[in-house]
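Colleague: Provided herewith is a single structure, encoded as structure tokens, for subsequent inquiry.
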Protein chains: 2
Amino acid sequence: MHKKIADEDLLGEKFLSNISVDIVIFGFHNRQLKILLLRFKNTSLYALPGGFINEEEEDIEEAVERVLTERTGIKDIYLEQFGVFGSKKRAFGATHKHIHESAGKTTELNPWITQRFVTVGYYALVNLKETVPNPDDVSDFCGWIDINEIPTLAFDHKSIIEKALESLRMMLDLKLAVFNLMPESFTMNDLQSLYETILGKKLQRTNFQRKMLSLGILERLDKHWTGGAHKAAYLYRFDKNKYNEMQKEEMNTNKF
Amino acid sequence: MHKKIADEDLLGEKFLSNISVDIVIFGFHNRQLKILLLRFKNTSLYALPGGFINEEEEDIEEAVERVLTERTGIKDIYLEQFGVFGSKKRAFGATHKHIHESAGKTTELNPWITQRFVTVGYYALVNLKETVPNPDDVSDFCGWIDINEIPTLAFDHKSIIEKALESLRMMLDLKLAVFNLMPESFTMNDLQSLYETILGKKLQRTNFQRKMLSLGILERLDKHWTGGAHKAAYLYRFDKNKYNEMQKEEMNTNKF
DNA sequence: CAACCATTGTATCAAAGTGATACAATATTA
DNA sequence: TAATATTGTATCACTTTGATACAATGGTTG
């Protein structure tokens, strides 16, 4: 909804009209599920990273990948399209004017931005530690915010985030995408706390462990010193090779 | 992608640019899963019902509902948004020109239609018997076609249908939307054949019956004369009241 | 350094769910 | 009236899931 544009006057010519993309970038750190948010300059108004689609050169997903790289510095990210938001009320001229002025811009606001936009929502699952958040030219902050401490958001981004979370929850047991959020190695407890925040409920420790191990995609590494006064937990690694083998077998068995 | 337009010259002014909707309308009859297709005048080219979004007056879903009613005559239909198709190749000027000319139009093709479109895919589940298919002004046929006998399709509608089917398959056990496809009363065997065509595989009769009955949302009616030389099957009705009660209970139990 | 403590890894039991098979009931046909 | 095809239900083995028990262990504390 606000990308770095070399020449603002080109807006209307370069990009598809009436269409934007917004990305809910999920990360996980300190047993907290977080998303990447921007804050508009000199305001307390936050928003999702987003942008527009180059009319000549970009598939939607390519535009999303571009925005992702611009905001986080990383590439090859797990992406999922989760919905389109197309209310007739999605024209935010007044808000854009406010953002434009707060950013101290002296040029006139390009009227192209005030039209009605249908936005395509994607969520991304990234290893938070590998990212270097980078604000755009109308924001003075770009960083990770706990999913339970989301501040006031511009536009309808609050409901977009809710839909993304719901979608992530649905996919949790269908795909194993969640491992994209984990660091290289982690304990069962780390993984369980991720599941718990996504699902919004507590899980039984022993049964969770049994289930994860039975997936057959975790490689057990060394023990891990927690520093706590108790037995040390094993570290695990997501084994992509085993996962790929499993996928192949599934393909074979599912045919009739 | 081709709706009845009072004045074609208004195209660019009335509707959102670069955005269309396409609808995969599913119906079930004679133990066959079917979708509603249009055929362009004087061609053997078929396409999904679709249209554009009125810039001032319509949410996306409202546009979809309008198109649905225009093509089938019915309202209050089960709808699900299943994806957005935004390849940079989605500009179909040549095809539209061909369609326009084949339809015998004397006016110039409105250049608005030749731009790149991002299309939002919805599927609808309808009781086929209640519909009255109705072609638009560039098509000479609008009717139900077996999912296994899909003819050559215009644009990228083939892959849109595939994605819709896949999405329907995924939702099958999560929601009970499938009953929107059934007539008022049906036998277990009818229902099973619907599940089988959607899933693309045979199911065990006895276990399917057990599972469906255990859902607690089927009301058993009278016996049914099949005309066959065997025991008559019961007729069942989808009991919307029981279903709603179940949903309510689920809401209560799911809270923490 | 030994008793203690909190957490981890694993085993086990009961309940629920699922796949496969058996069999009685019955509407029509021959 | 017997034969036949299909339907409705029961049952058994097997798997999955929820809940509980318990031994192992790394660090803490007296």
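Chain identifiers are assigned as A, B, and so on, following the order in which chains appear in the structure tokens; residues are numbered from 1 within each chain, and ligands are numbered from 1 in order of appearance.
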Out of segment 118-189 of chain B, which residues get helix (DSSP H, G or I) from DSSP, as a VMD selection string?
Modeller: chain B and resid 128 to 130 157 to 171 177 to 181 188 to 189
Colleague: Could you name the residues that touch segment 236-247 of chain B at 7 Å or less, counting only C-alpha atoms (C1' of nucleotides), but leaving out those on the same chain fewer than 3 positions away, as a list in words?
Modeller: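 Using only C-alpha atoms (C1' of nucleotides), the neighbours found are Phe179, Glu184, Ser185, Phe186, Thr187, Ile217, Leu218, Glu219, Arg220, Leu221, Glu250 and Met251 of chain B.
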Colleague: Just the residues within 10 Å of DC4 of chain C, please, counting only C-alpha atoms (C1' of nucleotides), with nothing from its chain fewer than 3 positions along; format it as a CSV table (one decimal) with C-alpha atoms (C1' of nucleotides), in the first residue's frame.
Modeller:
```
chain,number,residue,atom,x,y,z
D,28,DT,C1',20.3,-25.8,42.6
D,29,DT,C1',20.6,-25.7,47.4
D,30,DG,C1',21.8,-26.7,52.0
```
Colleague: Taking 5 positions as the minimum chain separation for residues in the same chain, which residues sit within 10 Å of DA16 of chain C when counting only C-alpha atoms (C1' of nucleotides)? Answer as a PyMOL selection string.
Modeller: chain D and resi 16-18
Colleague: Those same residues, written as a CSV table (one decimal), in the first residue's frame with all heavy atoms?
Modeller:
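Below is the file again.csv, written as the result:
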```csv
chain,number,residue,atom,x,y,z
D,16,DT,P,-2.2,-44.2,12.5
D,16,DT,OP1,-1.9,-43.5,11.3
D,16,DT,OP2,-1.0,-44.8,13.3
D,16,DT,O5',-3.1,-43.3,13.5
D,16,DT,C5',-4.4,-43.0,13.0
D,16,DT,C4',-5.1,-42.1,14.0
D,16,DT,O4',-5.5,-43.0,15.1
D,16,DT,C3',-4.2,-41.1,14.7
D,16,DT,O3',-4.9,-39.8,14.6
D,16,DT,C2',-4.0,-41.6,16.1
D,16,DT,C1',-5.2,-42.4,16.4
D,16,DT,N1,-5.2,-43.5,17.4
D,16,DT,C2,-6.1,-43.5,18.4
D,16,DT,O2,-7.0,-42.7,18.5
D,16,DT,N3,-6.0,-44.6,19.2
D,16,DT,C4,-5.0,-45.6,19.2
D,16,DT,O4,-5.0,-46.5,20.0
D,16,DT,C5,-4.0,-45.5,18.1
D,16,DT,C7,-3.0,-46.5,18.0
D,16,DT,C6,-4.2,-44.4,17.3
D,17,DT,P,-4.4,-38.5,15.3
D,17,DT,OP1,-5.0,-37.4,14.5
D,17,DT,OP2,-2.9,-38.6,15.4
D,17,DT,O5',-5.0,-38.5,16.7
D,17,DT,C5',-6.4,-38.5,16.9
D,17,DT,C4',-6.8,-38.4,18.4
D,17,DT,O4',-6.5,-39.7,19.0
D,17,DT,C3',-6.0,-37.4,19.1
D,17,DT,O3',-6.9,-36.5,19.8
D,17,DT,C2',-5.1,-38.2,20.0
D,17,DT,C1',-5.9,-39.4,20.2
D,17,DT,N1,-5.1,-40.7,20.6
D,17,DT,C2,-5.6,-41.5,21.6
D,17,DT,O2,-6.6,-41.2,22.2
D,17,DT,N3,-4.9,-42.6,21.8
D,17,DT,C4,-3.7,-43.0,21.2
D,17,DT,O4,-3.2,-44.1,21.5
D,17,DT,C5,-3.3,-42.1,20.1
D,17,DT,C7,-2.0,-42.5,19.4
D,17,DT,C6,-4.0,-41.0,19.9
D,18,DG,P,-6.4,-35.4,20.8
D,18,DG,OP1,-7.3,-34.2,20.6
D,18,DG,OP2,-4.9,-35.2,20.6
D,18,DG,O5',-6.7,-36.0,22.2
D,18,DG,C5',-8.1,-36.3,22.6
D,18,DG,C4',-8.1,-36.6,24.0
D,18,DG,O4',-7.4,-37.9,24.3
D,18,DG,C3',-7.4,-35.6,25.0
D,18,DG,O3',-8.2,-35.5,26.2
D,18,DG,C2',-6.0,-36.3,25.2
D,18,DG,C1',-6.4,-37.8,25.2
D,18,DG,N9,-5.3,-38.7,24.8
D,18,DG,C8,-4.4,-38.5,23.7
D,18,DG,N7,-3.6,-39.5,23.6
D,18,DG,C5,-4.0,-40.4,24.6
D,18,DG,C6,-3.4,-41.7,24.9
D,18,DG,O6,-2.5,-42.3,24.4
D,18,DG,N1,-4.1,-42.2,26.0
D,18,DG,C2,-5.2,-41.7,26.7
D,18,DG,N2,-5.7,-42.3,27.7
D,18,DG,N3,-5.7,-40.5,26.4
D,18,DG,C4,-5.0,-39.9,25.3
```
Colleague: Any idea which chain B residues end up within 12 Å of chain A if we count only C-alpha atoms, as a ChimeraX atom specification please?
Modeller: /B:12,15-21,53-64,80-91,115-122,170-171,174,196,199-203,254-256
Colleague: Could you list, as number ranges by chain, the residues of chain D having an atom within 6 Å of chain A when counting only C-alpha atoms (C1' of nucleotides)?
Modeller: D: 25-27
